[in-house]
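Source file: my_file.cif. Holds: mmCIF, C-alpha atoms.
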data_target
#
loop_
_atom_site.label_atom_id
_atom_site.label_comp_id
_atom_site.auth_asym_id
_atom_site.auth_seq_id
_atom_site.Cartn_x
_atom_site.Cartn_y
_atom_site.Cartn_z
CA MET A 1 23.63 10.88 -2.02
CA SER A 2 22.67 7.63 -3.68
CA LYS A 3 20.73 7.63 -6.92
CA ALA A 4 17.06 8.59 -6.68
CA LYS A 5 14.64 5.69 -6.46
CA LYS A 6 11.58 5.39 -8.64
CA PHE A 7 8.41 5.68 -6.56
CA MET A 8 4.99 4.91 -8.00
CA TYR A 9 1.86 5.61 -6.01
CA ILE A 10 -0.91 3.36 -7.29
CA ASN A 11 -4.37 4.66 -6.51
CA ARG A 12 -7.14 2.06 -6.63
CA HIS A 13 -9.72 3.50 -4.25
CA ALA A 14 -12.57 5.90 -4.99
CA PRO A 15 -12.15 9.27 -3.26
CA CYS A 16 -14.87 9.65 -0.62
CA GLY A 17 -16.02 6.30 0.77
CA THR A 18 -12.72 5.57 2.51
CA VAL A 19 -9.77 7.63 3.67
CA TYR A 20 -7.16 5.95 1.46
CA ALA A 21 -7.22 8.49 -1.38
CA VAL A 22 -6.80 11.58 0.78
CA GLU A 23 -4.18 10.09 3.10
CA GLY A 24 -2.43 8.68 0.04
CA LEU A 25 -2.26 12.14 -1.47
CA GLU A 26 -0.64 13.38 1.76
CA VAL A 27 2.11 10.80 1.31
CA VAL A 28 2.70 11.92 -2.27
CA LEU A 29 2.93 15.60 -1.31
CA ILE A 30 5.31 14.93 1.61
CA GLY A 31 7.33 12.47 -0.48
CA ALA A 32 7.82 15.10 -3.18
CA ALA A 33 10.32 16.87 -0.90
CA PHE A 34 12.70 13.90 -1.04
CA GLU A 35 13.74 14.47 -4.66
CA GLN A 36 12.98 10.97 -5.79
CA ASP A 37 11.59 10.00 -9.18
CA VAL A 38 7.84 10.11 -8.49
CA CYS A 39 4.78 9.19 -10.54
CA MET A 40 1.20 8.18 -9.81
CA ALA A 41 -1.07 5.60 -11.39
CA PHE A 42 -4.86 5.55 -11.28
CA VAL A 43 -6.39 2.12 -11.76
CA GLY A 44 -9.85 0.69 -11.16
CA ASP A 45 -11.99 2.91 -8.92
CA GLY A 46 -8.88 5.07 -8.42
CA VAL A 47 -9.77 6.91 -11.65
CA PHE A 48 -12.77 8.41 -9.80
CA GLN A 49 -10.28 10.41 -7.70
CA LEU A 50 -9.65 12.63 -10.72
CA LYS A 51 -13.31 13.19 -11.62
CA GLN A 52 -14.18 16.84 -12.19
CA ASP A 53 -16.74 18.77 -10.13
CA GLN A 54 -16.40 16.91 -6.84
CA ASP A 55 -18.46 18.78 -4.24
CA THR A 56 -18.56 17.23 -0.78
CA ALA A 57 -20.40 20.11 0.90
CA ASP A 58 -23.61 18.23 1.63
CA THR A 59 -21.76 15.22 3.07
CA GLY A 60 -20.02 17.36 5.66
CA MET A 61 -16.70 15.91 4.51
CA LYS A 62 -13.67 17.92 3.48
CA ASN A 63 -13.25 18.32 -0.27
CA PHE A 64 -9.63 17.50 -0.94
CA SER A 65 -9.88 17.19 -4.72
CA PRO A 66 -8.42 20.70 -5.28
CA ALA A 67 -5.19 19.37 -3.75
CA TYR A 68 -4.58 17.34 -6.93
CA ARG A 69 -4.04 20.67 -8.69
CA ALA A 70 -1.07 21.34 -6.39
CA LEU A 71 0.76 18.20 -7.54
CA GLY A 72 2.30 20.02 -10.50
CA ASP A 73 3.85 22.61 -8.15
CA TYR A 74 5.47 19.73 -6.26
CA GLU A 75 6.92 18.37 -9.51
CA VAL A 76 4.60 15.38 -9.44
CA ASN A 77 3.65 15.68 -13.08
CA ARG A 78 3.24 12.15 -14.36
CA LEU A 79 -0.23 10.89 -13.52
CA TYR A 80 -0.93 7.72 -15.48
CA VAL A 81 -4.61 6.82 -15.86
CA GLU A 82 -5.48 3.37 -17.15
CA ARG A 83 -7.63 3.65 -20.26
CA GLU A 84 -9.48 0.38 -19.63
CA SER A 85 -10.48 1.51 -16.12
CA LEU A 86 -11.97 4.72 -17.55
CA GLU A 87 -13.84 2.83 -20.25
CA GLU A 88 -15.22 0.22 -17.84
CA ARG A 89 -16.71 3.10 -15.83
CA GLY A 90 -18.15 4.97 -18.80
CA LEU A 91 -15.71 7.86 -18.36
CA THR A 92 -13.53 9.71 -20.84
CA GLU A 93 -10.55 11.99 -20.36
CA ASP A 94 -12.96 14.96 -20.49
CA ASP A 95 -14.47 13.81 -17.19
CA LEU A 96 -11.14 14.29 -15.44
CA MET A 97 -9.73 17.43 -13.84
CA PRO A 98 -7.45 19.26 -16.31
CA LEU A 99 -4.25 18.94 -14.28
CA THR A 100 -1.14 20.69 -15.55
CA TRP A 101 2.41 21.59 -14.59
CA GLU A 102 4.81 24.28 -15.70
CA ASP A 103 8.00 23.11 -17.39
CA GLU A 104 10.84 25.36 -16.27
CA ASP A 105 13.10 23.88 -18.94
CA ASP A 106 10.65 24.96 -21.63
CA ASP A 107 10.00 28.61 -20.71
CA TRP A 108 7.42 27.57 -18.07
CA ALA A 109 5.13 26.13 -20.71
CA GLU A 110 2.00 24.65 -19.21
CA LYS A 111 1.80 20.94 -19.93
CA PRO A 112 -0.76 18.26 -19.07
CA SER A 113 0.04 16.01 -16.10
CA ILE A 114 -2.52 13.35 -16.95
CA HIS A 115 -1.43 10.65 -19.36
CA ILE A 116 -3.93 8.05 -20.49
CA VAL A 117 -2.14 4.72 -20.87
CA ASP A 118 -3.42 1.31 -21.80
CA ARG A 119 -3.04 -1.76 -19.61
CA ALA A 120 0.08 -3.03 -21.37
CA GLN A 121 1.80 0.36 -21.04
CA LEU A 122 0.86 0.53 -17.35
CA SER A 123 2.24 -2.96 -16.82
CA ASP A 124 5.57 -1.82 -18.30
CA LEU A 125 5.58 1.31 -16.11
CA ILE A 126 4.97 -0.72 -12.95
CA GLU A 127 7.85 -2.98 -13.85
CA GLU A 128 10.21 0.04 -14.10
CA GLN A 129 9.65 1.14 -10.49
CA ASP A 130 11.67 0.53 -7.32
CA ILE A 131 9.02 1.29 -4.71
CA LEU A 132 5.29 0.74 -5.16
CA LEU A 133 2.78 2.11 -2.67
CA ASN A 134 -0.97 1.50 -3.02
CA PHE A 135 -3.70 3.82 -1.83
CA MET B 1 8.56 -8.99 -9.37
CA LEU B 2 6.42 -10.21 -6.46
CA HIS B 3 2.73 -9.36 -6.35
CA THR B 4 0.59 -10.03 -3.31
CA VAL B 5 -3.21 -10.20 -3.30
CA ASN B 6 -5.08 -10.21 0.00
CA LYS B 7 -8.73 -10.03 -1.08
CA SER B 8 -11.22 -12.71 -2.00
CA PRO B 9 -11.92 -12.59 -5.76
CA PHE B 10 -15.62 -12.87 -4.87
CA GLU B 11 -15.48 -9.52 -3.06
CA SER B 12 -12.91 -7.49 -4.96
CA SER B 13 -11.30 -7.09 -8.36
CA SER B 14 -7.78 -7.12 -6.87
CA LEU B 15 -6.87 -10.56 -8.18
CA LYS B 16 -8.19 -9.77 -11.66
CA THR B 17 -6.35 -6.43 -11.75
CA CYS B 18 -3.16 -8.05 -10.48
CA LEU B 19 -3.24 -10.84 -13.07
CA SER B 20 -4.01 -8.41 -15.89
CA LEU B 21 -1.03 -6.20 -15.00
CA ALA B 22 1.55 -8.75 -13.79
CA ARG B 23 4.21 -9.40 -16.37
CA SER B 24 4.99 -12.90 -17.55
CA GLY B 25 7.49 -14.51 -15.17
CA SER B 26 6.17 -12.70 -12.08
CA ASP B 27 5.43 -14.34 -8.75
CA VAL B 28 1.92 -13.88 -7.35
CA LEU B 29 1.36 -14.70 -3.68
CA LEU B 30 -2.17 -15.04 -2.29
CA ILE B 31 -2.46 -14.13 1.40
CA GLU B 32 -5.27 -13.44 3.90
CA ASP B 33 -8.66 -13.63 2.09
CA GLY B 34 -6.69 -13.68 -1.16
CA VAL B 35 -6.19 -17.43 -0.65
CA TYR B 36 -9.84 -18.00 -1.69
CA GLY B 37 -8.57 -17.24 -5.18
CA ALA B 38 -6.60 -20.51 -5.03
CA LEU B 39 -9.74 -22.67 -4.74
CA ALA B 40 -10.33 -25.18 -7.53
CA GLY B 41 -13.80 -25.39 -9.02
CA SER B 42 -14.84 -21.81 -8.29
CA THR B 43 -16.11 -19.30 -10.82
CA HIS B 44 -12.73 -17.58 -10.63
CA SER B 45 -10.58 -20.70 -11.09
CA PRO B 46 -10.34 -20.42 -14.90
CA LEU B 47 -8.79 -16.95 -14.53
CA VAL B 48 -6.09 -18.33 -12.24
CA THR B 49 -5.54 -21.49 -14.30
CA GLU B 50 -4.97 -19.36 -17.38
CA ALA B 51 -2.63 -17.05 -15.46
CA LEU B 52 -0.53 -20.02 -14.36
CA GLU B 53 0.74 -20.30 -17.92
CA ALA B 54 2.54 -16.96 -17.50
CA VAL B 55 3.12 -16.43 -13.76
CA ARG B 56 3.86 -18.57 -10.72
CA VAL B 57 1.07 -18.52 -8.14
CA TYR B 58 1.64 -19.23 -4.44
CA ALA B 59 -0.78 -19.41 -1.52
CA LEU B 60 0.18 -18.80 2.10
CA GLU B 61 -0.28 -21.98 4.13
CA PRO B 62 -1.18 -20.46 7.52
CA ASP B 63 -3.96 -18.46 5.82
CA LEU B 64 -5.22 -21.55 3.96
CA LYS B 65 -5.26 -23.59 7.18
CA ALA B 66 -6.99 -20.83 9.11
CA ARG B 67 -9.78 -20.93 6.53
CA GLY B 68 -10.13 -24.72 6.44
CA LEU B 69 -8.64 -25.05 2.97
CA SER B 70 -6.40 -28.05 2.39
CA GLY B 71 -3.93 -28.49 -0.45
CA ASP B 72 -6.17 -30.92 -2.32
CA ARG B 73 -8.80 -28.20 -2.79
CA LEU B 74 -6.42 -25.93 -4.67
CA ILE B 75 -5.98 -25.33 -8.37
CA PRO B 76 -3.20 -27.67 -9.61
CA GLY B 77 0.04 -25.78 -10.13
CA ILE B 78 -0.40 -23.44 -7.17
CA GLU B 79 2.46 -23.78 -4.72
CA VAL B 80 1.83 -23.61 -0.98
CA VAL B 81 4.39 -21.67 1.09
CA GLY B 82 4.78 -20.65 4.73
CA TYR B 83 5.92 -17.28 6.07
CA ASP B 84 9.51 -18.41 5.50
CA GLY B 85 8.62 -18.91 1.84
CA PHE B 86 6.96 -15.47 1.79
CA VAL B 87 10.24 -13.97 3.07
CA ASP B 88 12.19 -15.88 0.41
CA LEU B 89 9.87 -14.58 -2.33
CA ALA B 90 10.36 -11.04 -1.02
CA CYS B 91 14.14 -11.55 -1.29
CA THR B 92 14.37 -13.23 -4.68
CA ASN B 93 12.14 -10.63 -6.33
CA ASP B 94 13.74 -7.20 -6.58
CA LYS B 95 10.46 -5.35 -6.07
CA ILE B 96 7.10 -5.90 -4.53
CA GLN B 97 3.63 -4.73 -5.45
CA ASN B 98 1.02 -5.31 -2.76
CA TRP B 99 -2.41 -4.99 -4.41
CA LEU B 100 -4.34 -3.39 -1.55
CA MET C 1 18.40 -8.08 3.22
CA LYS C 2 17.02 -4.88 4.73
CA PHE C 3 13.21 -4.75 4.92
CA SER C 4 10.74 -2.07 5.86
CA VAL C 5 7.08 -2.80 6.45
CA MET C 6 4.05 -0.53 6.30
CA VAL C 7 0.90 -1.44 8.27
CA ASN C 8 -2.26 0.32 7.13
CA GLU C 9 -5.05 -1.24 9.18
CA GLY C 10 -5.84 -1.29 12.86
CA PRO C 11 -5.65 -4.38 15.07
CA TYR C 12 -8.49 -6.93 15.25
CA THR C 13 -10.69 -5.54 12.45
CA HIS C 14 -8.31 -6.60 9.69
CA GLN C 15 -5.67 -9.30 9.45
CA ALA C 16 -3.06 -6.84 8.11
CA SER C 17 -1.34 -6.27 11.46
CA ASP C 18 -1.16 -10.04 12.18
CA SER C 19 0.26 -10.72 8.71
CA ALA C 20 2.86 -7.98 9.07
CA TYR C 21 3.88 -9.31 12.48
CA GLN C 22 4.25 -12.89 11.22
CA PHE C 23 6.20 -11.74 8.17
CA ILE C 24 8.60 -9.71 10.31
CA ARG C 25 9.14 -12.60 12.74
CA ALA C 26 9.94 -14.91 9.84
CA ALA C 27 12.28 -12.33 8.30
CA LEU C 28 14.11 -11.81 11.59
CA SER C 29 14.50 -15.53 12.19
CA ALA C 30 15.95 -15.89 8.69
CA GLY C 31 18.60 -13.32 9.69
CA HIS C 32 17.24 -10.30 7.84
CA GLU C 33 17.17 -6.75 9.13
CA ILE C 34 14.01 -4.72 9.72
CA PHE C 35 14.84 -1.07 9.09
CA ARG C 36 11.46 0.29 10.15
CA VAL C 37 7.78 -0.54 10.64
CA PHE C 38 5.56 2.38 9.66
CA PHE C 39 1.93 2.57 10.79
CA TYR C 40 -0.47 4.59 8.64
CA HIS C 41 -4.23 5.05 8.10
CA ASP C 42 -6.07 3.09 10.84
CA GLY C 43 -2.80 1.20 11.34
CA VAL C 44 -1.90 3.86 13.92
CA ASN C 45 -4.38 2.13 16.26
CA ASN C 46 -1.78 -0.62 16.70
CA GLY C 47 0.09 1.86 18.88
CA THR C 48 -2.27 2.50 21.80
CA ARG C 49 -1.39 0.89 25.12
CA LEU C 50 -5.02 1.23 26.27
CA THR C 51 -5.97 -1.81 24.18
CA THR C 52 -7.41 -4.55 26.39
CA PRO C 53 -8.41 -7.67 24.48
CA PRO C 54 -9.97 -10.65 26.26
CA GLN C 55 -7.38 -12.92 27.88
CA ASP C 56 -7.92 -15.81 25.47
CA ASP C 57 -7.06 -13.63 22.45
CA ARG C 58 -3.68 -12.39 21.26
CA HIS C 59 -2.61 -8.96 22.50
CA ILE C 60 -1.64 -7.38 19.22
CA VAL C 61 -0.28 -4.15 20.71
CA ASN C 62 1.82 -5.86 23.41
CA ARG C 63 3.08 -8.29 20.80
CA TRP C 64 4.47 -5.37 18.77
CA SER C 65 6.00 -3.77 21.87
CA GLU C 66 7.66 -7.05 22.87
CA LEU C 67 9.02 -7.70 19.39
CA ALA C 68 10.37 -4.14 19.28
CA SER C 69 12.16 -4.57 22.58
CA GLU C 70 13.59 -7.98 21.65
CA HIS C 71 14.91 -6.87 18.27
CA ASP C 72 15.33 -3.14 18.74
CA LEU C 73 12.69 -2.43 16.07
CA ASP C 74 11.82 1.10 15.01
CA LEU C 75 7.99 1.29 15.22
CA VAL C 76 6.83 4.63 13.81
CA VAL C 77 3.27 5.92 13.97
CA CYS C 78 2.41 8.66 11.45
CA VAL C 79 1.70 11.88 13.31
CA ALA C 80 -1.00 13.22 10.98
CA ALA C 81 -2.89 9.91 10.93
CA ALA C 82 -2.40 9.53 14.70
CA GLN C 83 -3.77 12.98 15.52
CA ARG C 84 -6.94 12.24 13.58
CA ARG C 85 -7.44 8.99 15.46
CA GLY C 86 -6.41 10.01 18.96
CA ILE C 87 -3.05 8.29 19.30
CA VAL C 88 -0.96 10.61 21.47
CA ASP C 89 2.51 10.59 23.00
CA PRO C 90 3.50 12.82 25.95
CA ASP C 91 4.82 15.60 23.68
CA GLU C 92 1.70 15.62 21.52
CA ALA C 93 -0.51 15.53 24.60
CA LYS C 94 1.22 18.62 25.95
CA ARG C 95 1.24 20.46 22.63
CA ASN C 96 -2.47 19.86 22.05
CA SER C 97 -3.51 20.23 25.71
CA LYS C 98 -4.82 16.67 26.03
CA ASP C 99 -5.53 15.12 29.42
CA GLY C 100 -3.30 12.14 28.77
CA ASP C 101 -1.31 10.10 26.29
CA ASN C 102 -1.74 6.54 25.12
CA ILE C 103 1.28 5.59 23.01
CA ALA C 104 2.40 2.02 23.66
CA PRO C 105 6.01 1.16 24.65
CA GLY C 106 8.36 0.80 21.71
CA PHE C 107 6.30 3.05 19.40
CA ARG C 108 7.20 6.62 18.48
CA ILE C 109 5.22 9.27 16.63
CA SER C 110 6.83 10.95 13.64
CA GLY C 111 6.15 12.31 10.19
CA LEU C 112 5.43 10.75 6.80
CA GLY C 113 9.01 11.48 5.79
CA GLN C 114 9.93 8.41 7.85
CA LEU C 115 7.99 6.26 5.39
CA ILE C 116 9.70 7.77 2.35
CA GLU C 117 13.07 7.39 4.06
CA ALA C 118 12.25 3.73 4.78
CA GLY C 119 11.55 3.25 1.06
CA ILE C 120 14.85 4.88 0.14
CA GLU C 121 17.01 3.13 2.75
CA SER C 122 15.57 -0.40 2.56
CA ASP C 123 16.09 -3.11 -0.03
CA ARG C 124 12.40 -3.98 0.04
CA LEU C 125 9.24 -2.27 1.27
CA LEU C 126 6.16 -4.40 1.94
CA VAL C 127 2.71 -3.04 2.64
CA PHE C 128 0.01 -4.79 4.64
CA GLY C 129 -3.44 -3.24 4.57
CA ASP C 130 -6.99 -3.54 3.32
#
What would you get if you wrote out this structure as structure tokens?
Amino acid sequence: MSKAKKFMYINRHAPCGTVYAVEGLEVVLIGAAFEQDVCMAFVGDGVFQLKQDQDTADTGMKNFSPAYRALGDYEVNRLYVERESLEERGLTEDDLMPLTWEDEDDDWAEKPSIHIVDRAQLSDLIEEQDILLNF
Amino acid sequence: MLHTVNKSPFESSSLKTCLSLARSGSDVLLIEDGVYGALAGSTHSPLVTEALEAVRVYALEPDLKARGLSGDRLIPGIEVVGYDGFVDLACTNDKIQNWL
Amino acid sequence: MKFSVMVNEGPYTHQASDSAYQFIRAALSAGHEIFRVFFYHDGVNNGTRLTTPPQDDRHIVNRWSELASEHDLDLVVCVAAAQRRGIVDPDEAKRNSKDGDNIAPGFRISGLGQLIEAGIESDRLLVFGD
């Protein structure tokens, strides 16, 4: 099989107002089975997807935010959040869900999946990818 | 790397986000309502003019024409291309980021 | 060059489907190959043959079907997105006990893996959407 490609899923939409975030997450979870090199980026309103305490009960909509916690089990464990996007929205890392993954090469140690990166670092990461999909 | 932007800068931050993350030497193609970002004399023109020092900016001719925008209304330095030019840009750049 | 294209918006509301179509035509006429066109989100609505636009407007769905037949294109509608939005082929209609199907000629319904495969197998993947 040819060498794995680098896939980055760039999330720029808030979670509830449109379907892009939830259907985007479906792509990431399905794509995880293809053993490619996968990461996600959260930019602009996309950072709201990771906000803690989402409760959609009174909207009648399905709450899919718990599905982000499954990403680690699918070996999607690099979630890059743009620092400037958080700051512009008055958020800090403490507002985000504490997502983790278990590193089988390190005695299943639990490690954080969320990495706060600044704009210049994110720019470098985007440049490293082969395939970029936006949701 | 080729970046495409398809939203008016008056409605969305796509163009701003794209230009803040596009590396120097990138190609940026404005399509659909994104072509409004090519207009000279708008409140967003300085952003694009400044970006032109680091990236090449293109606007898709059929989308300009459809919106009544002629070449003389565009920020100097922006190159107008057709769909054939779009295809060429997608070939010469080894990856593509569509800012949706 | 081998391209794949993803279309994320339905016909008529958004220009995405028109842009994707024009890009693909230009790519084909320049001698490039289109590995697959994948329809996702409301883009699945490009695949219903029940669409009936006024005669003086373009028929976006038929245009896709015709291009597919001329160039042997692989037009794939995402099954999960299609089920939510009522795009059904004969198999899906039977499986879900629907009273009919509406998939347009040249389109087929399949899973999201087809999109990932398109990314892996193609030289370039372009996305048209909102």
Checklist entry - Which residues of chain B are close to chain C, meaning at most 7 Å apart when you count all atoms listed in the file, and how do they look as an MDAnalysis selection string? => result chainID B and resid 32 83:84 87 95:96 98 100
Each residue of chain B lying at most 10 Å from chain A should get a row with its shortest atom-to-atom pair and the distance in Å to one decimal, counting only C-alpha atoms; could you produce that, ordered by chain and increasing number, as a Markdown table?
| residue | atom | partner | partner_atom | distance |
| --- | --- | --- | --- | --- |
| B:Met1 | CA | A:Glu127 | CA | 7.5 |
| B:Ser13 | CA | A:Gly44 | CA | 8.4 |
| B:Ser14 | CA | A:Gly44 | CA | 9.1 |
| B:Thr17 | CA | A:Gly44 | CA | 8.0 |
| B:Cys18 | CA | A:Ser123 | CA | 9.8 |
| B:Ser20 | CA | A:Arg119 | CA | 7.7 |
| B:Leu21 | CA | A:Ser123 | CA | 5.0 |
| B:Ala22 | CA | A:Ser123 | CA | 6.6 |
| B:Arg23 | CA | A:Ser123 | CA | 6.7 |
| B:Asp94 | CA | A:Asp130 | CA | 8.0 |
| B:Lys95 | CA | A:Asp130 | CA | 6.1 |
| B:Ile96 | CA | A:Leu132 | CA | 6.9 |
| B:Gln97 | CA | A:Leu132 | CA | 5.7 |
| B:Asn98 | CA | A:Asn134 | CA | 7.1 |
| B:Trp99 | CA | A:Asn134 | CA | 6.8 |
| B:Leu100 | CA | A:Asn134 | CA | 6.1 |
Take the residues from that selection and put them in a file with C-alpha atoms, as a PDB file, in the coordinates of the input.
ATOM      1  CA  MET B   1       8.560  -8.990  -9.370  1.00  0.00           C
ATOM      2  CA  SER B  13     -11.300  -7.090  -8.360  1.00  0.00           C
ATOM      3  CA  SER B  14      -7.780  -7.120  -6.870  1.00  0.00           C
ATOM      4  CA  THR B  17      -6.350  -6.430 -11.750  1.00  0.00           C
ATOM      5  CA  CYS B  18      -3.160  -8.050 -10.480  1.00  0.00           C
ATOM      6  CA  SER B  20      -4.010  -8.410 -15.890  1.00  0.00           C
ATOM      7  CA  LEU B  21      -1.030  -6.200 -15.000  1.00  0.00           C
ATOM      8  CA  ALA B  22       1.550  -8.750 -13.790  1.00  0.00           C
ATOM      9  CA  ARG B  23       4.210  -9.400 -16.370  1.00  0.00           C
ATOM     10  CA  ASP B  94      13.740  -7.200  -6.580  1.00  0.00           C
ATOM     11  CA  LYS B  95      10.460  -5.350  -6.070  1.00  0.00           C
ATOM     12  CA  ILE B  96       7.100  -5.900  -4.530  1.00  0.00           C
ATOM     13  CA  GLN B  97       3.630  -4.730  -5.450  1.00  0.00           C
ATOM     14  CA  ASN B  98       1.020  -5.310  -2.760  1.00  0.00           C
ATOM     15  CA  TRP B  99      -2.410  -4.990  -4.410  1.00  0.00           C
ATOM     16  CA  LEU B 100      -4.340  -3.390  -1.550  1.00  0.00           C
TER      17      LEU B 100
END
Next on the checklist: I need the output of the PyMOL selection byres ((chain C) within 7 of (chain A)) for this file as JSON, numbers by chain; which residues are they?
Outcome noted: {"C": [112, 113, 116, 119, 120, 125]}
Next on the checklist: Excluding Leu71 in chain A and its own-chain neighbours fewer than 4 positions away, which residues fall within 12 Å of it when counting all atoms listed in the file? Please give them as JSON, numbers by chain.
Outcome noted: {"A": [25, 26, 27, 28, 29, 30, 31, 32, 33, 38, 39, 40, 65, 66, 67, 75, 76, 77, 78, 79, 99, 100, 101, 102, 112, 113, 114]}
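Between CA of Gly86 in chain C and CA of Lys7 in chain B the separation is 28.4 Å.
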Next on the checklist: When the PyMOL selection byres ((chain B and resi 26) around 9) is applied to the structure above, which residues does it catch, written out as a ChimeraX atom specification?
Outcome noted: /B:1-3,22-25,27-28,54-57,93
Checklist entry - Could you state the separation of CA of Asp58 in chain A and CA of Leu86 in chain A in Å, given to one decimal place? => result 26.2 Å
Next on the checklist: I'd like the residues picked by the PyMOL selection byres ((chain B and resi 40) around 6) written out as a PyMOL selection string, using the chain letters and numbers from the file.
Outcome noted: chain B and resi 39+41-42+45+73-75
Incomplete range 30-44 of chain A filled out to N, CA and C atoms as a PDB file, in the frame of the given file:
ATOM      1  N   ILE A  30       4.143  14.936   0.709  1.00  0.00           N
ATOM      2  CA  ILE A  30       5.310  14.930   1.610  1.00  0.00           C
ATOM      3  C   ILE A  30       6.513  14.304   0.895  1.00  0.00           C
ATOM      4  N   GLY A  31       6.249  13.198   0.204  1.00  0.00           N
ATOM      5  CA  GLY A  31       7.330  12.470  -0.480  1.00  0.00           C
ATOM      6  C   GLY A  31       8.003  13.300  -1.552  1.00  0.00           C
ATOM      7  N   ALA A  32       7.275  14.269  -2.090  1.00  0.00           N
ATOM      8  CA  ALA A  32       7.820  15.100  -3.180  1.00  0.00           C
ATOM      9  C   ALA A  32       9.061  15.863  -2.723  1.00  0.00           C
ATOM     10  N   ALA A  33       9.181  16.112  -1.409  1.00  0.00           N
ATOM     11  CA  ALA A  33      10.320  16.870  -0.900  1.00  0.00           C
ATOM     12  C   ALA A  33      11.615  16.066  -0.907  1.00  0.00           C
ATOM     13  N   PHE A  34      11.515  14.759  -1.143  1.00  0.00           N
ATOM     14  CA  PHE A  34      12.700  13.900  -1.040  1.00  0.00           C
ATOM     15  C   PHE A  34      13.467  13.736  -2.346  1.00  0.00           C
ATOM     16  N   GLU A  35      13.042  14.475  -3.371  1.00  0.00           N
ATOM     17  CA  GLU A  35      13.740  14.470  -4.660  1.00  0.00           C
ATOM     18  C   GLU A  35      13.981  13.084  -5.211  1.00  0.00           C
ATOM     19  N   GLN A  36      12.940  12.268  -5.128  1.00  0.00           N
ATOM     20  CA  GLN A  36      12.980  10.970  -5.790  1.00  0.00           C
ATOM     21  C   GLN A  36      12.247  11.085  -7.126  1.00  0.00           C
ATOM     22  N   ASP A  37      12.261  10.017  -7.890  1.00  0.00           N
ATOM     23  CA  ASP A  37      11.590  10.000  -9.180  1.00  0.00           C
ATOM     24  C   ASP A  37      10.157   9.503  -8.952  1.00  0.00           C
ATOM     25  N   VAL A  38       9.190  10.436  -8.962  1.00  0.00           N
ATOM     26  CA  VAL A  38       7.840  10.110  -8.490  1.00  0.00           C
ATOM     27  C   VAL A  38       6.811  10.138  -9.623  1.00  0.00           C
ATOM     28  N   CYS A  39       5.939   9.133  -9.669  1.00  0.00           N
ATOM     29  CA  CYS A  39       4.780   9.190 -10.540  1.00  0.00           C
ATOM     30  C   CYS A  39       3.587   8.558  -9.824  1.00  0.00           C
ATOM     31  N   MET A  40       2.409   8.767 -10.380  1.00  0.00           N
ATOM     32  CA  MET A  40       1.200   8.180  -9.810  1.00  0.00           C
ATOM     33  C   MET A  40       0.466   7.398 -10.891  1.00  0.00           C
ATOM     34  N   ALA A  41      -0.235   6.346 -10.459  1.00  0.00           N
ATOM     35  CA  ALA A  41      -1.070   5.600 -11.390  1.00  0.00           C
ATOM     36  C   ALA A  41      -2.487   5.544 -10.818  1.00  0.00           C
ATOM     37  N   PHE A  42      -3.457   5.611 -11.703  1.00  0.00           N
ATOM     38  CA  PHE A  42      -4.860   5.550 -11.280  1.00  0.00           C
ATOM     39  C   PHE A  42      -5.504   4.380 -12.005  1.00  0.00           C
ATOM     40  N   VAL A  43      -5.899   3.382 -11.216  1.00  0.00           N
ATOM     41  CA  VAL A  43      -6.390   2.120 -11.760  1.00  0.00           C
ATOM     42  C   VAL A  43      -7.702   1.767 -11.064  1.00  0.00           C
ATOM     43  N   GLY A  44      -8.597   1.096 -11.776  1.00  0.00           N
ATOM     44  CA  GLY A  44      -9.850   0.690 -11.160  1.00  0.00           C
ATOM     45  C   GLY A  44     -10.608   1.915 -10.652  1.00  0.00           C
TER      46      GLY A  44
END
